[in-house]
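The structure under discussion appears below in the form of structure tokens.
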Amino acid sequence: MKKAPTHRLADRVLWALGRSSQQAQRLVRQHMTEAGVRTQHYHVLASLADDGEGAQATLADRIGLDRSDLVTLLDELEDLKYVERRVDPADRRRKIVAITPAGEKQLIAMDQLIVAAETELLEPLSASERKTLLGLLHRLSGD
């Protein structure tokens, strides 16, 4: 019987973390795509809900998006009534972005898609193993 190929770093933690992260991201994208929503919208809405409203430039920096790409996402989210933009009274050249009640509702629905992806990813682990894994990951990330 032919042995399954393995990567030269398959026994290293960084390799395993990277592969697990890729699988998690794939599952999140799959669940969101099936629901007809975009992961980029999630990042914008979550930042606004968690960190509060802010200038477009500040928001782009917070979520690590190019400012011109963010404008496109904000246009889409504004059309969906999930965010609103208003002129900053302190600097009329700037726009302040805020999440709307409809956006908050959509974010909760998207959170559930992420929970479903996580459940699928962690299915092979027991509840105790999941708790241990989460604790170890928090220690590694300094949380």
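So you can find residues: chains in the structure tokens are A, B, ... in the order shown, residues in each start at 1, and ligands are numbered from 1 in order.
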Subject >> Expected answer as a VMD selection string: strand (DSSP E) residues in chain A >> reply: chain A and resid 54 to 55 83 to 88 91 to 99
For Ala10 in chain A, find every residue with an atom within 12 Å (counting only C-alpha atoms), except residues of its own chain fewer than 6 positions away, and show them as a JSON list (two decimals) with C-alpha atoms, in the first residue's frame.
```json
[["chain", "number", "residue", "atom", "x", "y", "z"],
["A", 16, "ALA", "CA", -0.14, 22.25, 11.51],
["A", 17, "LEU", "CA", -1.49, 25.63, 12.68],
["A", 18, "GLY", "CA", -1.25, 27.00, 9.15],
["A", 19, "ARG", "CA", -3.06, 24.01, 7.66],
["A", 20, "SER", "CA", -5.76, 24.22, 10.34]]
```
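With only C-alpha atoms as the atoms that count, the residue of A:Asp61, A:Glu34, A:Asp143, A:Glu53 with the shortest distance to Lys95 in chain A is A:Glu53.
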In range 50-125 of chain A, what's alpha helix (DSSP H) per DSSP? Answer as a PDB file with N, CA, C and O atoms, in the first residue's frame?
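Result written to result_27.pdb:
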```pdb
ATOM      1  N   ASP A  50     -17.771  46.070  17.189  1.00  0.00           N
ATOM      2  CA  ASP A  50     -16.866  45.828  18.315  1.00  0.00           C
ATOM      3  C   ASP A  50     -16.065  47.055  18.726  1.00  0.00           C
ATOM      4  O   ASP A  50     -15.821  47.268  19.909  1.00  0.00           O
ATOM      5  N   ASP A  51     -15.637  47.842  17.743  1.00  0.00           N
ATOM      6  CA  ASP A  51     -14.741  48.968  18.022  1.00  0.00           C
ATOM      7  C   ASP A  51     -15.411  50.325  17.883  1.00  0.00           C
ATOM      8  O   ASP A  51     -14.790  51.347  18.152  1.00  0.00           O
ATOM      9  N   GLN A  56     -13.581  56.547   7.709  1.00  0.00           N
ATOM     10  CA  GLN A  56     -13.299  55.495   6.731  1.00  0.00           C
ATOM     11  C   GLN A  56     -11.839  55.079   6.780  1.00  0.00           C
ATOM     12  O   GLN A  56     -11.533  53.887   6.761  1.00  0.00           O
ATOM     13  N   ALA A  57     -10.927  56.039   6.851  1.00  0.00           N
ATOM     14  CA  ALA A  57      -9.498  55.718   6.870  1.00  0.00           C
ATOM     15  C   ALA A  57      -9.136  54.905   8.113  1.00  0.00           C
ATOM     16  O   ALA A  57      -8.370  53.946   8.043  1.00  0.00           O
ATOM     17  N   THR A  58      -9.698  55.274   9.242  1.00  0.00           N
ATOM     18  CA  THR A  58      -9.446  54.548  10.488  1.00  0.00           C
ATOM     19  C   THR A  58      -9.973  53.126  10.391  1.00  0.00           C
ATOM     20  O   THR A  58      -9.313  52.166  10.795  1.00  0.00           O
ATOM     21  N   LEU A  59     -11.155  52.988   9.833  1.00  0.00           N
ATOM     22  CA  LEU A  59     -11.756  51.667   9.659  1.00  0.00           C
ATOM     23  C   LEU A  59     -10.897  50.805   8.743  1.00  0.00           C
ATOM     24  O   LEU A  59     -10.648  49.625   9.032  1.00  0.00           O
ATOM     25  N   ALA A  60     -10.425  51.366   7.649  1.00  0.00           N
ATOM     26  CA  ALA A  60      -9.566  50.615   6.720  1.00  0.00           C
ATOM     27  C   ALA A  60      -8.321  50.114   7.441  1.00  0.00           C
ATOM     28  O   ALA A  60      -7.923  48.955   7.279  1.00  0.00           O
ATOM     29  N   ASP A  61      -7.722  50.968   8.257  1.00  0.00           N
ATOM     30  CA  ASP A  61      -6.531  50.573   9.002  1.00  0.00           C
ATOM     31  C   ASP A  61      -6.850  49.495  10.037  1.00  0.00           C
ATOM     32  O   ASP A  61      -6.069  48.568  10.227  1.00  0.00           O
ATOM     33  N   ARG A  62      -7.995  49.614  10.693  1.00  0.00           N
ATOM     34  CA  ARG A  62      -8.381  48.640  11.723  1.00  0.00           C
ATOM     35  C   ARG A  62      -8.523  47.241  11.154  1.00  0.00           C
ATOM     36  O   ARG A  62      -8.170  46.267  11.809  1.00  0.00           O
ATOM     37  N   ILE A  63      -9.072  47.129   9.967  1.00  0.00           N
ATOM     38  CA  ILE A  63      -9.317  45.797   9.412  1.00  0.00           C
ATOM     39  C   ILE A  63      -8.301  45.398   8.342  1.00  0.00           C
ATOM     40  O   ILE A  63      -8.404  44.334   7.746  1.00  0.00           O
ATOM     41  N   ARG A  67      -7.727  51.399   1.382  1.00  0.00           N
ATOM     42  CA  ARG A  67      -8.808  52.380   1.540  1.00  0.00           C
ATOM     43  C   ARG A  67      -9.764  52.412   0.349  1.00  0.00           C
ATOM     44  O   ARG A  67     -10.967  52.566   0.525  1.00  0.00           O
ATOM     45  N   SER A  68      -9.239  52.239  -0.853  1.00  0.00           N
ATOM     46  CA  SER A  68     -10.129  52.254  -2.022  1.00  0.00           C
ATOM     47  C   SER A  68     -11.002  51.000  -2.056  1.00  0.00           C
ATOM     48  O   SER A  68     -12.161  51.046  -2.474  1.00  0.00           O
ATOM     49  N   ASP A  69     -10.456  49.852  -1.611  1.00  0.00           N
ATOM     50  CA  ASP A  69     -11.256  48.631  -1.538  1.00  0.00           C
ATOM     51  C   ASP A  69     -12.365  48.783  -0.501  1.00  0.00           C
ATOM     52  O   ASP A  69     -13.477  48.292  -0.691  1.00  0.00           O
ATOM     53  N   LEU A  70     -12.049  49.465   0.608  1.00  0.00           N
ATOM     54  CA  LEU A  70     -13.054  49.674   1.642  1.00  0.00           C
ATOM     55  C   LEU A  70     -14.215  50.507   1.115  1.00  0.00           C
ATOM     56  O   LEU A  70     -15.374  50.230   1.428  1.00  0.00           O
ATOM     57  N   VAL A  71     -13.928  51.509   0.307  1.00  0.00           N
ATOM     58  CA  VAL A  71     -14.995  52.361  -0.238  1.00  0.00           C
ATOM     59  C   VAL A  71     -16.001  51.505  -1.018  1.00  0.00           C
ATOM     60  O   VAL A  71     -17.210  51.674  -0.878  1.00  0.00           O
ATOM     61  N   THR A  72     -15.491  50.569  -1.817  1.00  0.00           N
ATOM     62  CA  THR A  72     -16.369  49.678  -2.573  1.00  0.00           C
ATOM     63  C   THR A  72     -17.242  48.847  -1.632  1.00  0.00           C
ATOM     64  O   THR A  72     -18.453  48.716  -1.839  1.00  0.00           O
ATOM     65  N   LEU A  73     -16.630  48.288  -0.581  1.00  0.00           N
ATOM     66  CA  LEU A  73     -17.393  47.503   0.392  1.00  0.00           C
ATOM     67  C   LEU A  73     -18.434  48.360   1.098  1.00  0.00           C
ATOM     68  O   LEU A  73     -19.573  47.927   1.313  1.00  0.00           O
ATOM     69  N   LEU A  74     -18.057  49.583   1.453  1.00  0.00           N
ATOM     70  CA  LEU A  74     -19.000  50.466   2.139  1.00  0.00           C
ATOM     71  C   LEU A  74     -20.166  50.850   1.231  1.00  0.00           C
ATOM     72  O   LEU A  74     -21.302  50.961   1.698  1.00  0.00           O
ATOM     73  N   ASP A  75     -19.878  51.044  -0.048  1.00  0.00           N
ATOM     74  CA  ASP A  75     -20.962  51.314  -1.000  1.00  0.00           C
ATOM     75  C   ASP A  75     -21.960  50.158  -0.998  1.00  0.00           C
ATOM     76  O   ASP A  75     -23.173  50.371  -0.959  1.00  0.00           O
ATOM     77  N   GLU A  76     -21.442  48.924  -1.036  1.00  0.00           N
ATOM     78  CA  GLU A  76     -22.307  47.740  -1.025  1.00  0.00           C
ATOM     79  C   GLU A  76     -23.103  47.659   0.276  1.00  0.00           C
ATOM     80  O   GLU A  76     -24.316  47.419   0.262  1.00  0.00           O
ATOM     81  N   LEU A  77     -22.419  47.856   1.396  1.00  0.00           N
ATOM     82  CA  LEU A  77     -23.078  47.759   2.702  1.00  0.00           C
ATOM     83  C   LEU A  77     -24.093  48.876   2.908  1.00  0.00           C
ATOM     84  O   LEU A  77     -25.136  48.664   3.537  1.00  0.00           O
ATOM     85  N   GLU A  78     -23.811  50.041   2.358  1.00  0.00           N
ATOM     86  CA  GLU A  78     -24.758  51.155   2.460  1.00  0.00           C
ATOM     87  C   GLU A  78     -26.004  50.863   1.614  1.00  0.00           C
ATOM     88  O   GLU A  78     -27.130  51.125   2.053  1.00  0.00           O
ATOM     89  N   ASP A  79     -25.806  50.280   0.433  1.00  0.00           N
ATOM     90  CA  ASP A  79     -26.952  49.889  -0.411  1.00  0.00           C
ATOM     91  C   ASP A  79     -27.841  48.865   0.302  1.00  0.00           C
ATOM     92  O   ASP A  79     -29.060  48.877   0.131  1.00  0.00           O
ATOM     93  N   PRO A 101     -28.985  49.297  12.737  1.00  0.00           N
ATOM     94  CA  PRO A 101     -29.667  48.147  13.348  1.00  0.00           C
ATOM     95  C   PRO A 101     -29.778  46.952  12.379  1.00  0.00           C
ATOM     96  O   PRO A 101     -29.604  45.801  12.788  1.00  0.00           O
ATOM     97  N   ALA A 102     -30.040  47.216  11.116  1.00  0.00           N
ATOM     98  CA  ALA A 102     -30.090  46.129  10.129  1.00  0.00           C
ATOM     99  C   ALA A 102     -28.723  45.459   9.989  1.00  0.00           C
ATOM    100  O   ALA A 102     -28.624  44.241   9.823  1.00  0.00           O
ATOM    101  N   GLY A 103     -27.670  46.265  10.051  1.00  0.00           N
ATOM    102  CA  GLY A 103     -26.313  45.718  10.000  1.00  0.00           C
ATOM    103  C   GLY A 103     -25.998  44.864  11.213  1.00  0.00           C
ATOM    104  O   GLY A 103     -25.343  43.825  11.106  1.00  0.00           O
ATOM    105  N   GLU A 104     -26.464  45.296  12.383  1.00  0.00           N
ATOM    106  CA  GLU A 104     -26.257  44.506  13.601  1.00  0.00           C
ATOM    107  C   GLU A 104     -26.982  43.168  13.505  1.00  0.00           C
ATOM    108  O   GLU A 104     -26.443  42.129  13.898  1.00  0.00           O
ATOM    109  N   LYS A 105     -28.176  43.179  12.950  1.00  0.00           N
ATOM    110  CA  LYS A 105     -28.940  41.942  12.768  1.00  0.00           C
ATOM    111  C   LYS A 105     -28.215  41.009  11.788  1.00  0.00           C
ATOM    112  O   LYS A 105     -28.112  39.806  12.016  1.00  0.00           O
ATOM    113  N   GLN A 106     -27.718  41.578  10.699  1.00  0.00           N
ATOM    114  CA  GLN A 106     -26.972  40.786   9.718  1.00  0.00           C
ATOM    115  C   GLN A 106     -25.704  40.216  10.337  1.00  0.00           C
ATOM    116  O   GLN A 106     -25.337  39.069  10.075  1.00  0.00           O
ATOM    117  N   LEU A 107     -25.031  40.998  11.157  1.00  0.00           N
ATOM    118  CA  LEU A 107     -23.805  40.536  11.804  1.00  0.00           C
ATOM    119  C   LEU A 107     -24.084  39.330  12.698  1.00  0.00           C
ATOM    120  O   LEU A 107     -23.311  38.369  12.710  1.00  0.00           O
ATOM    121  N   ILE A 108     -25.180  39.348  13.430  1.00  0.00           N
ATOM    122  CA  ILE A 108     -25.540  38.210  14.279  1.00  0.00           C
ATOM    123  C   ILE A 108     -25.759  36.963  13.418  1.00  0.00           C
ATOM    124  O   ILE A 108     -25.314  35.862  13.769  1.00  0.00           O
ATOM    125  N   ALA A 109     -26.420  37.126  12.286  1.00  0.00           N
ATOM    126  CA  ALA A 109     -26.631  35.995  11.374  1.00  0.00           C
ATOM    127  C   ALA A 109     -25.291  35.475  10.841  1.00  0.00           C
ATOM    128  O   ALA A 109     -25.086  34.255  10.730  1.00  0.00           O
ATOM    129  N   MET A 110     -24.390  36.382  10.545  1.00  0.00           N
ATOM    130  CA  MET A 110     -23.077  35.979  10.039  1.00  0.00           C
ATOM    131  C   MET A 110     -22.252  35.313  11.140  1.00  0.00           C
ATOM    132  O   MET A 110     -21.492  34.376  10.869  1.00  0.00           O
ATOM    133  N   ASP A 111     -22.399  35.789  12.380  1.00  0.00           N
ATOM    134  CA  ASP A 111     -21.729  35.129  13.509  1.00  0.00           C
ATOM    135  C   ASP A 111     -22.143  33.659  13.576  1.00  0.00           C
ATOM    136  O   ASP A 111     -21.313  32.782  13.830  1.00  0.00           O
ATOM    137  N   GLN A 112     -23.419  33.394  13.337  1.00  0.00           N
ATOM    138  CA  GLN A 112     -23.918  32.021  13.389  1.00  0.00           C
ATOM    139  C   GLN A 112     -23.316  31.164  12.275  1.00  0.00           C
ATOM    140  O   GLN A 112     -23.105  29.959  12.461  1.00  0.00           O
ATOM    141  N   LEU A 113     -23.031  31.771  11.132  1.00  0.00           N
ATOM    142  CA  LEU A 113     -22.366  31.039  10.050  1.00  0.00           C
ATOM    143  C   LEU A 113     -20.951  30.648  10.461  1.00  0.00           C
ATOM    144  O   LEU A 113     -20.479  29.546  10.146  1.00  0.00           O
ATOM    145  N   ILE A 114     -20.283  31.535  11.178  1.00  0.00           N
ATOM    146  CA  ILE A 114     -18.926  31.243  11.656  1.00  0.00           C
ATOM    147  C   ILE A 114     -18.975  30.141  12.712  1.00  0.00           C
ATOM    148  O   ILE A 114     -18.130  29.239  12.719  1.00  0.00           O
ATOM    149  N   VAL A 115     -19.964  30.192  13.583  1.00  0.00           N
ATOM    150  CA  VAL A 115     -20.127  29.138  14.590  1.00  0.00           C
ATOM    151  C   VAL A 115     -20.357  27.793  13.896  1.00  0.00           C
ATOM    152  O   VAL A 115     -19.786  26.764  14.295  1.00  0.00           O
ATOM    153  N   ALA A 116     -21.151  27.784  12.843  1.00  0.00           N
ATOM    154  CA  ALA A 116     -21.403  26.539  12.100  1.00  0.00           C
ATOM    155  C   ALA A 116     -20.113  26.024  11.456  1.00  0.00           C
ATOM    156  O   ALA A 116     -19.845  24.810  11.482  1.00  0.00           O
ATOM    157  N   ALA A 117     -19.310  26.927  10.912  1.00  0.00           N
ATOM    158  CA  ALA A 117     -18.032  26.520  10.313  1.00  0.00           C
ATOM    159  C   ALA A 117     -17.102  25.961  11.388  1.00  0.00           C
ATOM    160  O   ALA A 117     -16.419  24.950  11.167  1.00  0.00           O
ATOM    161  N   GLU A 118     -17.080  26.610  12.539  1.00  0.00           N
ATOM    162  CA  GLU A 118     -16.237  26.135  13.643  1.00  0.00           C
ATOM    163  C   GLU A 118     -16.688  24.752  14.117  1.00  0.00           C
ATOM    164  O   GLU A 118     -15.857  23.876  14.371  1.00  0.00           O
ATOM    165  N   THR A 119     -17.983  24.568  14.230  1.00  0.00           N
ATOM    166  CA  THR A 119     -18.516  23.269  14.650  1.00  0.00           C
ATOM    167  C   THR A 119     -18.071  22.178  13.686  1.00  0.00           C
ATOM    168  O   THR A 119     -17.655  21.089  14.107  1.00  0.00           O
ATOM    169  N   GLU A 120     -18.137  22.479  12.408  1.00  0.00           N
ATOM    170  CA  GLU A 120     -17.701  21.512  11.393  1.00  0.00           C
ATOM    171  C   GLU A 120     -16.206  21.231  11.501  1.00  0.00           C
ATOM    172  O   GLU A 120     -15.771  20.079  11.443  1.00  0.00           O
ATOM    173  N   LEU A 121     -15.411  22.276  11.686  1.00  0.00           N
ATOM    174  CA  LEU A 121     -13.957  22.118  11.799  1.00  0.00           C
ATOM    175  C   LEU A 121     -13.587  21.266  13.011  1.00  0.00           C
ATOM    176  O   LEU A 121     -12.721  20.394  12.920  1.00  0.00           O
ATOM    177  N   LEU A 122     -14.243  21.522  14.130  1.00  0.00           N
ATOM    178  CA  LEU A 122     -13.869  20.872  15.389  1.00  0.00           C
ATOM    179  C   LEU A 122     -14.606  19.568  15.648  1.00  0.00           C
ATOM    180  O   LEU A 122     -14.438  18.955  16.711  1.00  0.00           O
TER     181      LEU A 122
END
```
**OP:** Return the single residue from A:Leu80, A:Ile99, A:Ala127, A:Leu134 that is closest to Leu48 in chain A, with distances computed using only C-alpha atoms.
**Re:**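 The closest residue to Leu48 in chain A is A:Ile99.
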Got a sec: who's within 10 Å of Arg86 in chain A, counting only C-alpha atoms, leaving out chain neighbours fewer than 4 positions off, as a compact mmCIF listing (two decimals) with all heavy atoms, in the first residue's frame?
```txt
# COMPACT_ATOMS: atom_id res chain seq x y z
N ALA A 55 -13.90 57.02 11.25
CA ALA A 55 -13.61 57.54 9.92
C ALA A 55 -13.27 56.38 8.99
O ALA A 55 -12.76 55.35 9.42
CB ALA A 55 -12.46 58.53 9.97
N ARG A 92 -15.02 68.26 7.34
CA ARG A 92 -16.05 67.95 6.35
C ARG A 92 -15.53 67.09 5.19
O ARG A 92 -16.32 66.58 4.41
CB ARG A 92 -16.67 69.25 5.84
CG ARG A 92 -17.30 70.03 7.02
CD ARG A 92 -18.36 70.99 6.66
NE ARG A 92 -19.43 70.54 5.80
CZ ARG A 92 -20.51 69.85 6.19
NH1 ARG A 92 -20.64 69.46 7.43
NH2 ARG A 92 -21.45 69.55 5.32
N ARG A 94 -13.94 64.29 5.69
CA ARG A 94 -13.96 62.91 6.18
C ARG A 94 -15.40 62.39 6.33
O ARG A 94 -16.30 63.16 6.63
CB ARG A 94 -13.29 62.80 7.56
CG ARG A 94 -11.82 63.03 7.51
CD ARG A 94 -11.10 62.73 8.79
NE ARG A 94 -11.90 62.74 10.00
CZ ARG A 94 -11.46 62.33 11.17
NH1 ARG A 94 -10.24 61.85 11.28
NH2 ARG A 94 -12.23 62.39 12.24
N LYS A 95 -15.53 61.08 6.16
CA LYS A 95 -16.81 60.42 6.38
C LYS A 95 -16.68 59.51 7.61
O LYS A 95 -15.70 58.78 7.74
CB LYS A 95 -17.20 59.55 5.18
CG LYS A 95 -17.42 60.33 3.91
CD LYS A 95 -18.85 60.78 3.80
CE LYS A 95 -19.07 61.57 2.54
NZ LYS A 95 -19.92 60.94 1.59
N ILE A 96 -17.69 59.57 8.46
CA ILE A 96 -17.77 58.67 9.61
C ILE A 96 -18.71 57.54 9.23
O ILE A 96 -19.78 57.76 8.67
CB ILE A 96 -18.33 59.42 10.86
CG1 ILE A 96 -17.44 60.61 11.21
CG2 ILE A 96 -18.48 58.46 12.03
CD1 ILE A 96 -16.04 60.24 11.65
N VAL A 97 -18.31 56.31 9.55
CA VAL A 97 -19.08 55.12 9.22
C VAL A 97 -19.62 54.51 10.51
O VAL A 97 -18.88 54.39 11.49
CB VAL A 97 -18.22 54.08 8.48
CG1 VAL A 97 -19.06 52.88 8.06
CG2 VAL A 97 -17.51 54.69 7.30
N ALA A 98 -20.88 54.13 10.49
CA ALA A 98 -21.50 53.47 11.65
C ALA A 98 -22.35 52.30 11.17
O ALA A 98 -22.91 52.33 10.07
CB ALA A 98 -22.38 54.47 12.41
```
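CA of Arg93 in chain A sits 24.1 Å away from CA of His41 in chain A.
You will find CA of Leu27 in chain A at 26.7 Å from CA of Lys81 in chain A.
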